[in-house]
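**Q** Data: target.csv, CSV, C-alpha atoms.
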```csv
chain,number,residue,atom,x,y,z
A,330,MET,CA,0.0,0.0,0.0
A,331,ALA,CA,2.8,2.4,0.9
A,332,GLY,CA,3.7,5.0,-1.7
A,333,GLU,CA,7.3,5.9,-2.7
A,334,SER,CA,7.4,9.0,-0.5
A,335,LEU,CA,5.9,7.2,2.5
A,336,MET,CA,8.5,4.5,2.2
A,337,ALA,CA,11.4,6.9,1.8
A,338,GLY,CA,10.3,9.4,4.4
A,339,ASP,CA,10.8,12.6,2.3
A,340,GLY,CA,10.4,14.9,5.3
A,341,HIS,CA,7.4,12.8,6.7
A,342,ASP,CA,7.5,10.8,10.0
A,343,SER,CA,7.5,7.6,8.0
A,344,GLY,CA,9.8,5.0,6.4
A,345,LEU,CA,10.8,1.4,5.9
A,346,MET,CA,11.5,-0.3,9.2
A,347,ALA,CA,13.9,-3.1,9.9
A,348,ASN,CA,11.2,-5.8,9.9
A,349,GLY,CA,10.3,-4.9,6.3
A,350,GLN,CA,7.1,-3.1,7.2
A,351,CYS,CA,6.4,0.6,6.5
A,352,GLY,CA,5.7,2.6,9.6
A,353,ALA,CA,4.2,6.1,9.7
A,354,PHE,CA,2.7,8.7,12.0
A,355,GLY,CA,-0.4,10.2,10.4
A,356,ARG,CA,-3.6,11.8,11.3
A,357,VAL,CA,-7.2,10.6,11.4
A,358,MET,CA,-9.8,13.3,10.4
A,359,PHE,CA,-13.2,12.7,12.0
A,360,ILE,CA,-15.6,14.8,9.9
A,361,ASP,CA,-19.3,15.3,10.5
A,362,ASP,CA,-21.5,12.5,9.0
A,363,ALA,CA,-23.3,14.8,6.6
A,364,SER,CA,-20.0,16.1,5.1
A,365,PHE,CA,-18.6,12.6,5.0
A,366,ALA,CA,-21.7,11.3,3.2
A,367,THR,CA,-21.3,14.0,0.5
A,368,TYR,CA,-17.6,13.4,0.2
A,369,ALA,CA,-18.0,9.6,-0.1
A,370,ALA,CA,-20.7,9.9,-2.7
A,371,ALA,CA,-18.5,12.2,-4.7
A,372,GLN,CA,-15.9,9.4,-4.7
A,373,GLY,CA,-18.5,6.9,-6.0
A,374,LEU,CA,-18.8,5.2,-2.6
A,375,ASN,CA,-21.7,4.3,-0.4
A,376,PRO,CA,-21.6,6.3,2.8
A,377,GLN,CA,-23.4,3.5,4.8
A,378,ASP,CA,-20.4,1.2,4.2
A,379,PHE,CA,-18.4,3.4,6.6
A,380,GLN,CA,-20.9,3.3,9.5
A,381,ASP,CA,-20.2,-0.3,10.6
A,382,PRO,CA,-18.6,-0.2,14.1
A,383,ALA,CA,-17.5,-3.8,13.7
A,384,HIS,CA,-15.6,-3.1,10.5
A,385,PRO,CA,-14.1,0.4,10.5
A,386,ARG,CA,-13.3,1.8,7.0
A,387,ALA,CA,-11.6,5.0,5.9
A,388,ILE,CA,-10.9,7.1,2.8
A,389,ALA,CA,-7.2,8.0,2.5
A,390,LEU,CA,-5.6,10.9,0.6
A,391,ALA,CA,-3.2,9.4,-1.9
A,392,GLN,CA,-1.0,12.5,-1.9
A,393,ALA,CA,0.4,15.0,0.6
A,394,TYR,CA,2.4,18.2,0.4
A,395,GLY,CA,6.1,17.7,1.2
A,396,ASN,CA,9.3,19.7,1.5
A,397,ASP,CA,12.6,17.9,1.7
A,398,GLY,CA,14.4,21.1,2.6
A,399,SER,CA,14.9,22.3,-1.0
A,400,VAL,CA,11.9,21.2,-3.1
A,401,TYR,CA,8.2,21.6,-2.6
A,402,GLN,CA,6.3,18.6,-4.0
A,403,LEU,CA,3.3,16.4,-4.0
A,404,CYS,CA,4.3,13.2,-2.4
A,405,GLU,CA,2.8,9.7,-3.0
A,406,MET,CA,1.6,8.5,0.3
A,407,LEU,CA,-0.4,5.4,-0.7
A,408,ARG,CA,-0.5,3.6,-4.0
A,409,SER,CA,-3.3,1.1,-3.4
A,410,THR,CA,-6.1,0.3,-1.0
A,411,GLY,CA,-5.8,-2.3,1.8
A,412,THR,CA,-5.8,-2.7,5.5
A,413,LEU,CA,-3.7,-0.6,8.0
A,414,GLU,CA,-2.8,-1.6,11.5
A,415,VAL,CA,-3.3,1.4,13.7
A,416,ILE,CA,-1.6,1.5,17.1
A,417,ASP,CA,-4.2,2.5,19.7
A,418,ASP,CA,-2.1,2.0,22.8
A,419,ALA,CA,1.2,0.6,24.0
A,420,THR,CA,2.4,-0.7,27.4
A,421,TYR,CA,5.7,-1.8,28.7
A,422,GLU,CA,5.9,-4.4,31.5
A,423,GLY,CA,2.3,-3.8,32.3
A,424,LYS,CA,2.7,0.0,32.5
A,425,GLU,CA,1.3,2.4,29.9
A,426,ILE,CA,4.2,4.3,28.3
A,427,ASP,CA,4.2,8.0,28.0
A,428,SER,CA,4.3,8.3,24.2
A,429,LEU,CA,5.4,6.8,21.0
A,430,GLY,CA,8.0,8.6,18.9
A,431,VAL,CA,10.3,8.3,16.0
A,432,ALA,CA,13.9,7.0,16.0
A,433,TRP,CA,16.3,6.2,13.2
A,434,GLU,CA,18.4,3.1,13.9
A,435,PRO,CA,20.9,1.2,11.7
A,436,GLU,CA,19.7,-2.3,11.0
A,437,LYS,CA,23.3,-3.5,10.9
A,438,GLU,CA,26.7,-1.7,11.3
A,439,GLY,CA,27.6,0.1,8.2
A,440,GLU,CA,24.1,0.2,6.7
A,441,ALA,CA,21.9,3.2,6.3
A,442,ASP,CA,19.6,4.2,9.1
A,443,ARG,CA,16.1,2.8,9.1
A,444,PHE,CA,12.9,4.4,10.3
A,445,ALA,CA,11.8,3.0,13.7
A,446,ILE,CA,8.8,3.6,16.0
A,447,VAL,CA,9.8,3.5,19.6
A,448,GLY,CA,8.3,4.1,23.0
A,449,PHE,CA,9.3,6.8,25.5
A,450,ASP,CA,9.1,6.4,29.2
A,451,PHE,CA,9.9,9.6,31.0
A,452,GLN,CA,11.5,9.4,34.4
A,453,ALA,CA,10.5,12.2,36.7
A,454,GLU,CA,13.5,12.1,38.9
A,455,ASP,CA,16.1,12.9,36.3
A,456,ASP,CA,14.0,14.3,33.5
A,457,GLU,CA,15.4,11.7,31.1
A,458,SER,CA,13.5,9.2,29.1
A,459,ASP,CA,14.0,5.5,28.3
A,460,VAL,CA,13.7,4.5,24.7
A,461,ILE,CA,11.9,1.2,24.3
A,462,PRO,CA,12.0,-0.7,21.0
A,463,LEU,CA,8.7,-1.4,19.3
A,464,ASP,CA,9.1,-5.2,19.6
A,465,SER,CA,9.4,-4.9,23.4
A,466,LEU,CA,6.0,-3.1,23.7
A,467,ALA,CA,2.6,-4.7,24.1
A,468,LEU,CA,0.6,-3.1,21.4
A,469,ALA,CA,-3.2,-2.6,21.1
A,470,THR,CA,-4.0,-2.2,17.5
A,471,THR,CA,-7.1,-1.7,15.3
A,472,SER,CA,-7.4,-2.9,11.7
A,473,LEU,CA,-8.6,0.0,9.6
A,474,GLU,CA,-9.5,-0.8,6.0
A,475,VAL,CA,-8.7,1.9,3.4
A,476,THR,CA,-11.4,1.3,0.8
A,477,ALA,CA,-10.6,4.2,-1.5
A,478,LEU,CA,-7.8,6.7,-2.3
A,479,ALA,CA,-8.8,10.3,-3.0
A,480,THR,CA,-6.8,13.1,-4.6
A,481,ASP,CA,-8.6,16.0,-3.0
A,482,PRO,CA,-9.7,16.3,0.6
A,483,PRO,CA,-13.3,17.2,1.6
A,484,ALA,CA,-14.2,20.9,1.7
A,485,VAL,CA,-14.4,21.0,5.5
A,486,MET,CA,-10.7,20.0,5.8
A,487,GLY,CA,-9.5,22.9,3.8
A,488,GLY,CA,-6.5,21.3,2.1
A,489,PRO,CA,-4.2,18.3,2.1
A,490,GLY,CA,-1.7,18.2,4.9
A,491,GLU,CA,1.9,17.0,5.1
A,492,ASP,CA,1.2,13.5,6.6
A,493,LEU,CA,-0.7,10.4,5.9
A,494,THR,CA,-4.3,11.4,6.2
A,495,LEU,CA,-7.2,9.0,6.9
A,496,ILE,CA,-10.8,10.4,6.7
A,497,VAL,CA,-13.6,8.7,8.7
A,498,PRO,CA,-17.1,9.8,9.8
A,499,VAL,CA,-17.3,11.3,13.3
A,500,SER,CA,-19.8,8.6,14.3
A,501,LEU,CA,-16.9,6.1,14.4
A,502,ALA,CA,-15.4,8.1,17.3
A,503,ALA,CA,-17.9,6.5,19.6
A,504,SER,CA,-16.2,3.1,19.0
A,505,TYR,CA,-12.7,4.0,18.0
A,506,SER,CA,-10.1,6.6,18.8
A,507,PHE,CA,-7.4,5.2,16.4
A,508,GLY,CA,-4.7,6.2,18.8
A,509,THR,CA,-5.9,9.8,19.0
A,510,HIS,CA,-5.5,10.5,22.7
A,511,GLU,CA,-5.3,14.3,22.4
A,512,PRO,CA,-7.5,15.3,19.6
A,513,ALA,CA,-7.5,18.7,17.9
A,514,PHE,CA,-10.7,20.4,17.0
A,515,THR,CA,-11.1,22.2,13.8
A,516,SER,CA,-14.1,24.1,12.5
A,517,TYR,CA,-14.8,26.2,9.5
A,518,PHE,CA,-17.2,29.1,9.3
A,519,ASP,CA,-18.7,31.1,6.4
A,520,ALA,CA,-19.0,34.8,7.2
A,521,LYS,CA,-22.5,36.3,6.7
A,522,ASP,CA,-22.5,38.9,4.0
A,523,GLY,CA,-18.7,38.5,3.6
A,524,ASP,CA,-18.0,40.2,7.0
A,525,HIS,CA,-15.1,37.9,7.8
A,526,GLU,CA,-13.3,40.5,10.0
A,527,ALA,CA,-16.2,40.6,12.5
A,528,LEU,CA,-16.4,36.8,12.6
A,529,CYS,CA,-12.7,36.5,13.4
A,530,GLU,CA,-13.0,39.1,16.2
A,531,GLU,CA,-15.9,37.2,17.7
A,532,LEU,CA,-14.2,33.9,17.3
A,533,ALA,CA,-11.0,35.1,19.1
A,534,SER,CA,-13.1,36.5,21.9
A,535,VAL,CA,-15.0,33.3,22.4
A,536,CYS,CA,-11.8,31.1,22.3
A,537,ALA,CA,-9.9,33.4,24.7
A,538,GLY,CA,-12.7,33.1,27.2
A,539,TYR,CA,-12.1,29.4,27.7
A,540,PHE,CA,-8.7,30.1,29.2
A,541,HIS,CA,-10.5,31.5,32.3
A,542,ASP,CA,-13.7,29.5,32.4
A,543,GLU,CA,-12.9,26.4,34.4
A,544,SER,CA,-16.5,25.3,34.5
A,545,THR,CA,-16.2,24.2,30.8
A,546,PHE,CA,-12.7,23.4,29.9
A,547,GLU,CA,-9.4,25.1,29.2
A,548,LEU,CA,-7.8,25.4,25.8
A,549,ASP,CA,-4.1,24.7,25.8
A,550,TYR,CA,-3.8,26.4,22.4
A,551,TYR,CA,-6.1,28.0,19.9
A,552,SER,CA,-5.6,29.7,16.6
A,553,TYR,CA,-7.8,30.9,13.7
A,554,VAL,CA,-7.1,31.5,10.1
A,555,ASP,CA,-9.0,34.1,8.0
A,556,TYR,CA,-9.1,32.3,4.7
A,557,ALA,CA,-11.1,35.1,3.1
A,558,ASP,CA,-8.3,37.6,4.0
A,559,GLN,CA,-5.7,35.1,2.7
A,560,ALA,CA,-7.6,34.8,-0.5
A,561,ASN,CA,-7.9,38.5,-0.9
A,562,SER,CA,-4.2,39.0,-0.3
A,563,THR,CA,-3.3,36.2,-2.7
A,564,GLN,CA,-5.6,37.6,-5.4
A,565,MET,CA,-4.1,41.1,-4.9
A,566,LEU,CA,-0.6,39.7,-5.3
A,567,ALA,CA,-1.6,37.7,-8.3
A,568,LEU,CA,-3.2,40.8,-9.9
A,569,VAL,CA,-0.1,42.9,-9.4
A,570,VAL,CA,2.1,40.2,-10.9
A,571,ASN,CA,-0.3,39.6,-13.8
A,572,VAL,CA,-0.5,43.4,-14.6
A,573,PHE,CA,3.3,43.7,-14.4
A,574,CYS,CA,3.7,40.7,-16.8
A,575,LEU,CA,1.0,42.0,-19.1
A,576,LEU,CA,2.5,45.5,-19.4
A,577,PHE,CA,6.0,44.0,-19.9
A,578,THR,CA,4.7,41.7,-22.6
A,579,ILE,CA,2.8,44.6,-24.3
A,580,ILE,CA,6.0,46.7,-24.3
A,581,LEU,CA,8.0,43.9,-25.8
A,582,ALA,CA,5.3,43.2,-28.4
A,583,LEU,CA,5.2,46.9,-29.5
A,584,ILE,CA,8.9,47.0,-29.8
A,585,ALA,CA,8.9,43.9,-31.9
A,586,LEU,CA,6.0,45.1,-34.1
A,587,ALA,CA,7.8,48.5,-34.6
A,588,ASN,CA,11.0,46.7,-35.7
A,589,VAL,CA,9.0,44.6,-38.2
A,590,PHE,CA,7.1,47.6,-39.5
A,591,ASN,CA,10.3,49.7,-40.0
A,592,THR,CA,12.2,46.8,-41.6
A,593,VAL,CA,9.5,45.9,-44.2
A,594,THR,CA,8.5,49.5,-44.9
A,595,ASN,CA,12.1,50.8,-45.4
A,596,SER,CA,12.8,47.8,-47.6
A,597,LEU,CA,10.0,48.6,-49.9
A,598,ILE,CA,10.7,52.4,-50.0
A,599,LEU,CA,14.4,51.9,-50.8
A,600,ARG,CA,13.5,49.6,-53.7
A,601,ARG,CA,11.1,52.0,-55.5
A,602,ARG,CA,13.3,52.3,-58.6
A,603,GLU,CA,13.9,48.5,-58.7
A,604,PHE,CA,10.1,48.0,-58.6
A,605,ALA,CA,9.6,50.7,-61.3
A,606,VAL,CA,12.1,49.0,-63.6
A,607,MET,CA,10.5,45.6,-63.2
A,608,LYS,CA,7.0,47.1,-64.0
A,609,SER,CA,8.5,49.0,-67.0
A,610,VAL,CA,9.5,45.7,-68.6
A,611,GLY,CA,6.1,44.1,-68.2
A,612,LEU,CA,5.6,43.2,-64.5
A,613,SER,CA,1.8,43.3,-63.9
A,614,ASN,CA,0.2,44.6,-60.7
A,615,LYS,CA,-0.9,41.1,-59.8
A,616,GLN,CA,2.6,39.7,-60.2
A,617,PHE,CA,4.0,42.7,-58.3
A,618,ARG,CA,1.6,42.0,-55.3
A,619,SER,CA,2.5,38.3,-55.5
A,620,LEU,CA,6.2,39.2,-55.4
A,621,ILE,CA,5.8,41.4,-52.3
A,622,MET,CA,3.6,38.8,-50.6
A,623,ASP,CA,6.2,36.0,-51.2
A,624,GLU,CA,9.0,38.3,-49.8
A,625,CYS,CA,6.9,39.1,-46.7
A,626,MET,CA,6.1,35.5,-46.1
A,627,SER,CA,9.8,34.7,-46.3
A,628,PHE,CA,10.5,37.5,-43.9
A,629,GLY,CA,7.8,36.3,-41.5
A,630,ILE,CA,8.9,32.6,-41.6
A,631,THR,CA,12.6,33.3,-41.2
A,632,GLY,CA,11.8,35.6,-38.2
A,633,LEU,CA,8.9,33.7,-36.6
A,634,VAL,CA,10.3,30.1,-36.7
A,635,PRO,CA,13.6,30.9,-35.0
A,636,GLY,CA,11.8,33.2,-32.6
A,637,LEU,CA,9.4,30.5,-31.6
A,638,LEU,CA,12.2,28.0,-31.2
A,639,LEU,CA,14.2,30.4,-29.1
A,640,SER,CA,11.2,31.3,-26.9
A,641,LEU,CA,10.4,27.6,-26.5
A,642,GLY,CA,14.0,27.0,-25.2
A,643,VAL,CA,13.7,29.9,-22.8
A,644,SER,CA,10.4,28.6,-21.5
A,645,TYR,CA,12.0,25.2,-20.9
A,646,LEU,CA,14.9,26.8,-19.0
A,647,LEU,CA,12.5,28.7,-16.8
A,648,TRP,CA,10.5,25.5,-16.2
A,649,MET,CA,13.7,23.8,-15.2
A,650,MET,CA,14.5,26.5,-12.7
A,651,ILE,CA,11.0,26.4,-11.2
A,652,ALA,CA,11.1,22.6,-11.0
A,653,GLN,CA,14.2,22.8,-8.7
A,654,SER,CA,11.9,24.3,-6.0
A,655,LEU,CA,8.5,23.0,-7.0
A,656,ARG,CA,8.3,19.4,-8.1
A,657,GLY,CA,5.4,17.9,-10.0
A,658,LEU,CA,4.8,20.6,-12.6
A,659,GLY,CA,4.8,19.3,-16.1
A,660,PHE,CA,6.2,21.3,-19.0
A,661,MET,CA,3.5,22.6,-21.3
A,662,ILE,CA,4.0,24.4,-24.6
A,663,PRO,CA,2.0,27.7,-24.5
A,664,TRP,CA,0.1,27.1,-27.8
A,665,LEU,CA,-2.2,30.1,-27.2
A,666,TYR,CA,0.7,32.5,-27.0
A,667,ALA,CA,2.3,30.9,-30.0
A,668,ALA,CA,-0.9,31.5,-32.0
A,669,LEU,CA,-1.1,35.0,-30.7
A,670,ALA,CA,2.5,35.7,-31.9
A,671,LEU,CA,1.6,34.3,-35.3
A,672,VAL,CA,-1.4,36.5,-35.6
A,673,LEU,CA,0.5,39.6,-34.5
A,674,THR,CA,3.3,38.9,-37.0
A,675,VAL,CA,0.8,38.5,-39.9
A,676,VAL,CA,-1.0,41.8,-38.9
A,677,ALA,CA,2.3,43.6,-38.6
A,678,MET,CA,3.5,42.4,-42.0
A,679,ALA,CA,0.2,43.3,-43.7
A,680,LEU,CA,0.2,46.8,-42.3
A,681,SER,CA,3.9,47.3,-43.2
A,682,VAL,CA,3.3,46.2,-46.8
A,683,ALA,CA,0.3,48.3,-47.2
A,684,TYR,CA,2.1,51.4,-45.9
A,685,GLY,CA,5.3,50.7,-47.8
A,686,MET,CA,3.5,50.2,-51.1
A,687,HIS,CA,1.5,53.4,-50.5
A,688,ARG,CA,4.8,55.3,-49.9
A,689,CYS,CA,6.7,54.0,-52.8
A,690,LYS,CA,3.9,54.7,-55.2
A,691,ALA,CA,4.8,51.6,-57.2
A,692,ASP,CA,2.1,52.3,-59.8
A,693,ASN,CA,3.7,55.5,-61.0
A,694,VAL,CA,6.6,54.2,-63.1
A,695,VAL,CA,7.9,57.5,-64.5
A,696,GLU,CA,8.1,59.2,-61.1
A,697,ALA,CA,9.8,56.2,-59.5
A,698,LEU,CA,12.5,56.1,-62.2
A,699,ARG,CA,13.2,59.8,-61.8
A,700,ALA,CA,13.5,59.6,-58.0
A,701,ASP,CA,16.9,59.2,-56.4
A,702,SER,CA,17.6,55.8,-55.0
A,703,VAL,CA,18.5,57.3,-51.7
```
Translate this structure into C-alpha cells?

**A**
Amino acid sequence: MAGESLMAGDGHDSGLMANGQCGAFGRVMFIDDASFATYAAAQGLNPQDFQDPAHPRAIALAQAYGNDGSVYQLCEMLRSTGTLEVIDDATYEGKEIDSLGVAWEPEKEGEADRFAIVGFDFQAEDDESDVIPLDSLALATTSLEVTALATDPPAVMGGPGEDLTLIVPVSLAASYSFGTHEPAFTSYFDAKDGDHEALCEELASVCAGYFHDESTFELDYYSYVDYADQANSTQMLALVVNVFCLLFTIILALIALANVFNTVTNSLILRRREFAVMKSVGLSNKQFRSLIMDECMSFGITGLVPGLLLSLGVSYLLWMMIAQSLRGLGFMIPWLYAALALVLTVVAMALSVAYGMHRCKADNVVEALRADSV
C-alpha cells in the first residue's frame, strides 16, 4: 500500500522499518457525518459502508504536500487500497508508556539508518526518558480498511496536509479513537454577507474566554485563520504580478512590431526604382503583389520560426529553474501565446506592406524612375 514518499520518508514521519514493514505517523480526520456522506458519494462510494462499528473503514488521501528542505512537491503516500494496523495504545511491562515517537536506527553496522517507531518512558527524577524498541512493547491495534484513495480532501478539511491522512465519519469516534488521545478540534465558518473580520474578532473573543472558564474546559492552544483575508491577499498579489507581466509583454510586443514595421517599410521604400524598372519591362500589378507577398512570407517565416524555437527554449529553461523548487509541474507548450505571436506577425506584415506600397507609389513608373535611389 505504501507509496514511494511514505517508504522513503521525504520529510514525513515515516519510512521502511527493519522488519520490512512501512511505519508512519499520520492523522485521522473525523468529519461530520453529513459532510462525509457528501464526500464519499463524490468518490463513488456508499456512505453507509463506513458506518459499521464492527468493520471500520476510511478514505485516504493518496498524496500530501512535502518539502525535503529544497523542493516543494506532491508526495505519493499510498499507491493502493488495503488494511492498515493502527496502534491505539502501548504498554511496557504492564505499564502504559508516556508516548510513541520516531527514531532512526541502523539495522546493521555500516548500513543506512532505518525508520523506527519506539516508546518513550519519561523518568520524573532525572527528566530523562527511556527509549523502548517497538518489539518490546505490548501493542493494542485496530485494523482499519482503506477502501478508496482520493486526490482532493473534503471541503471541511481545507486542504491536504503533510502527513498520511485518513478520513472517517465522526460517528466512528464512539467506538474507535485510532490512537488519538489528544484530539485537535477544527471548525470552518462562512461569514455572513462577507463580513469575515467581525467573525474573526468574535471567534477570538470566544476562544480566549475558555482560558479562564474552568466550568467548561481550558484550551491549551487555539488559533484561527482568516481564509477570506488570505484569498484577498493572494488575489491582490496575483493581480499585481499579472498586470506587471502584461505590461511588460505589451511593451516587448510593441517594440517587436515596430521593428517589423520599420524593416519591411524601409525595404519597400528603398527599392522603389527597382520595382519601377520591373514594372516597366512588363511586370503586372498582380505579379508585383505576389512578389511582395512572397517576400513578406519569407521575412515572417525566417523571423517567426527561429523566434518561436528560441522562446520555447527559454520557457523550458524557466520551467527547469522552477522545477528545482516546486516538483510535480509538467512542462507545457503555450500554444495560445504561439498562435497570438503568429497573428501579430501577420498583422504587422500586412500593415507594413500596405504602408510601404503606398509610400513607394509603385504604380507611378515614371516618377519612381526619376527619383533618387537614396

**Q** Have a look at CA of Leu637 (chain A) and CA of Ala670 (chain A) and let me know their distance in Å, one decimal.

**A**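 Straight-line distance from CA of Leu637 (chain A) to CA of Ala670 (chain A) works out to 8.6 Å.
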
**Q** With 10 Å as the cut-off and all atoms listed in the file counted, what is the closest atom pair between each nearby residue of region 356-425 of chain A and region 459-470 of chain A? Distances in Å to one decimal, ordered by chain and number, as CSV.

**A**
```
residue,atom,partner,partner_atom,distance
A:Leu413,CA,A:Thr470,CA,9.6
A:Glu414,CA,A:Thr470,CA,6.1
A:Val415,CA,A:Thr470,CA,5.3
A:Ile416,CA,A:Thr470,CA,4.4
A:Asp417,CA,A:Thr470,CA,5.2
A:Asp418,CA,A:Ala469,CA,5.0
A:Ala419,CA,A:Leu468,CA,4.6
A:Thr420,CA,A:Ala467,CA,5.2
A:Tyr421,CA,A:Leu466,CA,5.2
A:Glu422,CA,A:Leu466,CA,7.9
A:Gly423,CA,A:Ala467,CA,8.3
A:Lys424,CA,A:Ala467,CA,9.6
A:Glu425,CA,A:Ala467,CA,9.3
```

**Q** Can I get the selection written as a compact mmCIF listing (two decimals), in the coordinates of the input, with C-alpha atoms?

**A**
```
# COMPACT_ATOMS: atom_id res chain seq x y z
CA LEU A 413 -3.70 -0.60 8.00
CA GLU A 414 -2.80 -1.60 11.50
CA VAL A 415 -3.30 1.40 13.70
CA ILE A 416 -1.60 1.50 17.10
CA ASP A 417 -4.20 2.50 19.70
CA ASP A 418 -2.10 2.00 22.80
CA ALA A 419 1.20 0.60 24.00
CA THR A 420 2.40 -0.70 27.40
CA TYR A 421 5.70 -1.80 28.70
CA GLU A 422 5.90 -4.40 31.50
CA GLY A 423 2.30 -3.80 32.30
CA LYS A 424 2.70 0.00 32.50
CA GLU A 425 1.30 2.40 29.90
```

**Q** Just checking: using only C-alpha atoms, which residue out of A:Ala587, A:Ala479, A:Ala387, A:Ile426 ends up closest to Gln372 (chain A)?

**A**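 Among the listed residues, A:Ala479 lies closest to Gln372 (chain A).
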
**Q** Show me the residues around (-8.6, 38.4, 5.0) - criterion: an atom at most 12 Å away, only C-alpha atoms counted - as a ChimeraX atom specification.

**A** /A:520,523-529,553-565

**Q** Output the selection as an mmCIF file, in the frame of the given file - C-alpha atoms for each residue.

**A**
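Contents of the output file out_38.cif:
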```cif
data_model
loop_
_atom_site.group_PDB
_atom_site.id
_atom_site.type_symbol
_atom_site.label_atom_id
_atom_site.label_comp_id
_atom_site.auth_asym_id
_atom_site.auth_seq_id
_atom_site.Cartn_x
_atom_site.Cartn_y
_atom_site.Cartn_z
ATOM 1 C CA ALA A 520 -19.000 34.800 7.200
ATOM 2 C CA GLY A 523 -18.700 38.500 3.600
ATOM 3 C CA ASP A 524 -18.000 40.200 7.000
ATOM 4 C CA HIS A 525 -15.100 37.900 7.800
ATOM 5 C CA GLU A 526 -13.300 40.500 10.000
ATOM 6 C CA ALA A 527 -16.200 40.600 12.500
ATOM 7 C CA LEU A 528 -16.400 36.800 12.600
ATOM 8 C CA CYS A 529 -12.700 36.500 13.400
ATOM 9 C CA TYR A 553 -7.800 30.900 13.700
ATOM 10 C CA VAL A 554 -7.100 31.500 10.100
ATOM 11 C CA ASP A 555 -9.000 34.100 8.000
ATOM 12 C CA TYR A 556 -9.100 32.300 4.700
ATOM 13 C CA ALA A 557 -11.100 35.100 3.100
ATOM 14 C CA ASP A 558 -8.300 37.600 4.000
ATOM 15 C CA GLN A 559 -5.700 35.100 2.700
ATOM 16 C CA ALA A 560 -7.600 34.800 -0.500
ATOM 17 C CA ASN A 561 -7.900 38.500 -0.900
ATOM 18 C CA SER A 562 -4.200 39.000 -0.300
ATOM 19 C CA THR A 563 -3.300 36.200 -2.700
ATOM 20 C CA GLN A 564 -5.600 37.600 -5.400
ATOM 21 C CA MET A 565 -4.100 41.100 -4.900
#
```

**Q** Taking all atoms listed in the file into account, name the residue in A:Asn614, A:Ser428, A:Gln402, A:Ser640 that is nearest to Gly448 (chain A).

**A**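 Ranked by minimum distance to Gly448 (chain A), first place goes to A:Ser428.
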
**Q** So which one's closest to Val682 (chain A), A:Gln653, A:Ile598, A:Ala445, A:Ile662? Using all atoms listed in the file, please.

**A**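 When distances to Val682 (chain A) are compared using all atoms listed in the file, the smallest one comes from A:Ile598.
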
**Q** What is the CA of Thr674 (chain A) to CA of Ser627 (chain A) distance in Å?

**A**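 Between CA of Thr674 (chain A) and CA of Ser627 (chain A) the gap is 12.1 Å.
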
**Q** Which value, in Å to one decimal, gives the distance between CA of Ala667 (chain A) and CA of Met649 (chain A)?

**A**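 Distance between the two atoms: 20.0 Å.
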
**Q** Using only C-alpha atoms, which of A:Leu671, A:Asp427, A:Lys615, A:Leu473 sits nearest Leu501 (chain A)?

**A**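 Ranking A:Leu671, A:Asp427, A:Lys615, A:Leu473 by distance to Leu501 (chain A), first place goes to A:Leu473.
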
**Q** Please define a box with edges along x, y and z of the file around all atoms of region 468-487 of chain A given in the file, extend it by 6 Å on each side, and return its centre and edge lengths in Å to one decimal, as JSON.

**A**
```
{"center_x": -6.9, "center_y": 9.9, "center_z": 8.4, "size_x": 27.0, "size_y": 38.0, "size_z": 38.0}
```

**Q** Which of these residues is nearest to Phe604 (chain A), using only C-alpha atoms: A:Thr515, A:Leu633, A:His510, A:Leu620?

**A**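 For Phe604 (chain A), the nearest of the candidates is A:Leu620.
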
**Q** Find the residue from A:Tyr401, A:Phe617, A:Phe444, A:Phe514 that sits nearest to Ile651 (chain A); use only C-alpha atoms when measuring.

**A**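 Of the candidates, the smallest distance to Ile651 (chain A) is held by A:Tyr401.
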
**Q** So that I can check the surroundings of region 345-361 of chain A, please list as a PyMOL selection string every protein, DNA and RNA residue that reaches within 8 Å of it, counting only C-alpha atoms and ignoring chain neighbours fewer than 6 positions away.

**A** chain A and resi 331+335-337+436+443-446+485+492-502+507+509

**Q** Counting only C-alpha atoms, which residues sit no farther than 7 Å from the position (-8.8, 12.3, 0.8) in the file's frame? I'd like them as JSON, numbers by chain.

**A** {"A": [388, 389, 390, 391, 478, 479, 480, 481, 482, 483, 496]}

**Q** Restrict the output to region 523-529 of chain A and N, CA, C and O atoms, then write it as a PDB file, in the first residue's frame.

**A**
```pdb
ATOM      1  N   GLY A 523     -20.144  38.282   3.885  1.00  0.00           N
ATOM      2  CA  GLY A 523     -18.727  38.527   3.635  1.00  0.00           C
ATOM      3  C   GLY A 523     -18.022  39.306   4.725  1.00  0.00           C
ATOM      4  O   GLY A 523     -16.881  39.757   4.528  1.00  0.00           O
ATOM      5  N   ASP A 524     -18.640  39.481   5.886  1.00  0.00           N
ATOM      6  CA  ASP A 524     -18.017  40.244   6.974  1.00  0.00           C
ATOM      7  C   ASP A 524     -17.119  39.315   7.786  1.00  0.00           C
ATOM      8  O   ASP A 524     -17.414  38.952   8.918  1.00  0.00           O
ATOM      9  N   HIS A 525     -15.998  38.920   7.190  1.00  0.00           N
ATOM     10  CA  HIS A 525     -15.137  37.941   7.843  1.00  0.00           C
ATOM     11  C   HIS A 525     -14.326  38.554   8.981  1.00  0.00           C
ATOM     12  O   HIS A 525     -13.935  37.857   9.919  1.00  0.00           O
ATOM     13  N   GLU A 526     -14.076  39.873   8.934  1.00  0.00           N
ATOM     14  CA  GLU A 526     -13.324  40.489  10.024  1.00  0.00           C
ATOM     15  C   GLU A 526     -14.085  40.415  11.345  1.00  0.00           C
ATOM     16  O   GLU A 526     -13.510  40.081  12.393  1.00  0.00           O
ATOM     17  N   ALA A 527     -15.398  40.703  11.305  1.00  0.00           N
ATOM     18  CA  ALA A 527     -16.199  40.635  12.520  1.00  0.00           C
ATOM     19  C   ALA A 527     -16.275  39.214  13.060  1.00  0.00           C
ATOM     20  O   ALA A 527     -16.236  38.990  14.271  1.00  0.00           O
ATOM     21  N   LEU A 528     -16.365  38.224  12.162  1.00  0.00           N
ATOM     22  CA  LEU A 528     -16.413  36.833  12.595  1.00  0.00           C
ATOM     23  C   LEU A 528     -15.113  36.430  13.276  1.00  0.00           C
ATOM     24  O   LEU A 528     -15.126  35.750  14.311  1.00  0.00           O
ATOM     25  N   CYS A 529     -13.989  36.869  12.758  1.00  0.00           N
ATOM     26  CA  CYS A 529     -12.700  36.541  13.369  1.00  0.00           C
ATOM     27  C   CYS A 529     -12.572  37.180  14.748  1.00  0.00           C
ATOM     28  O   CYS A 529     -12.049  36.559  15.686  1.00  0.00           O
TER      29      CYS A 529
END
```
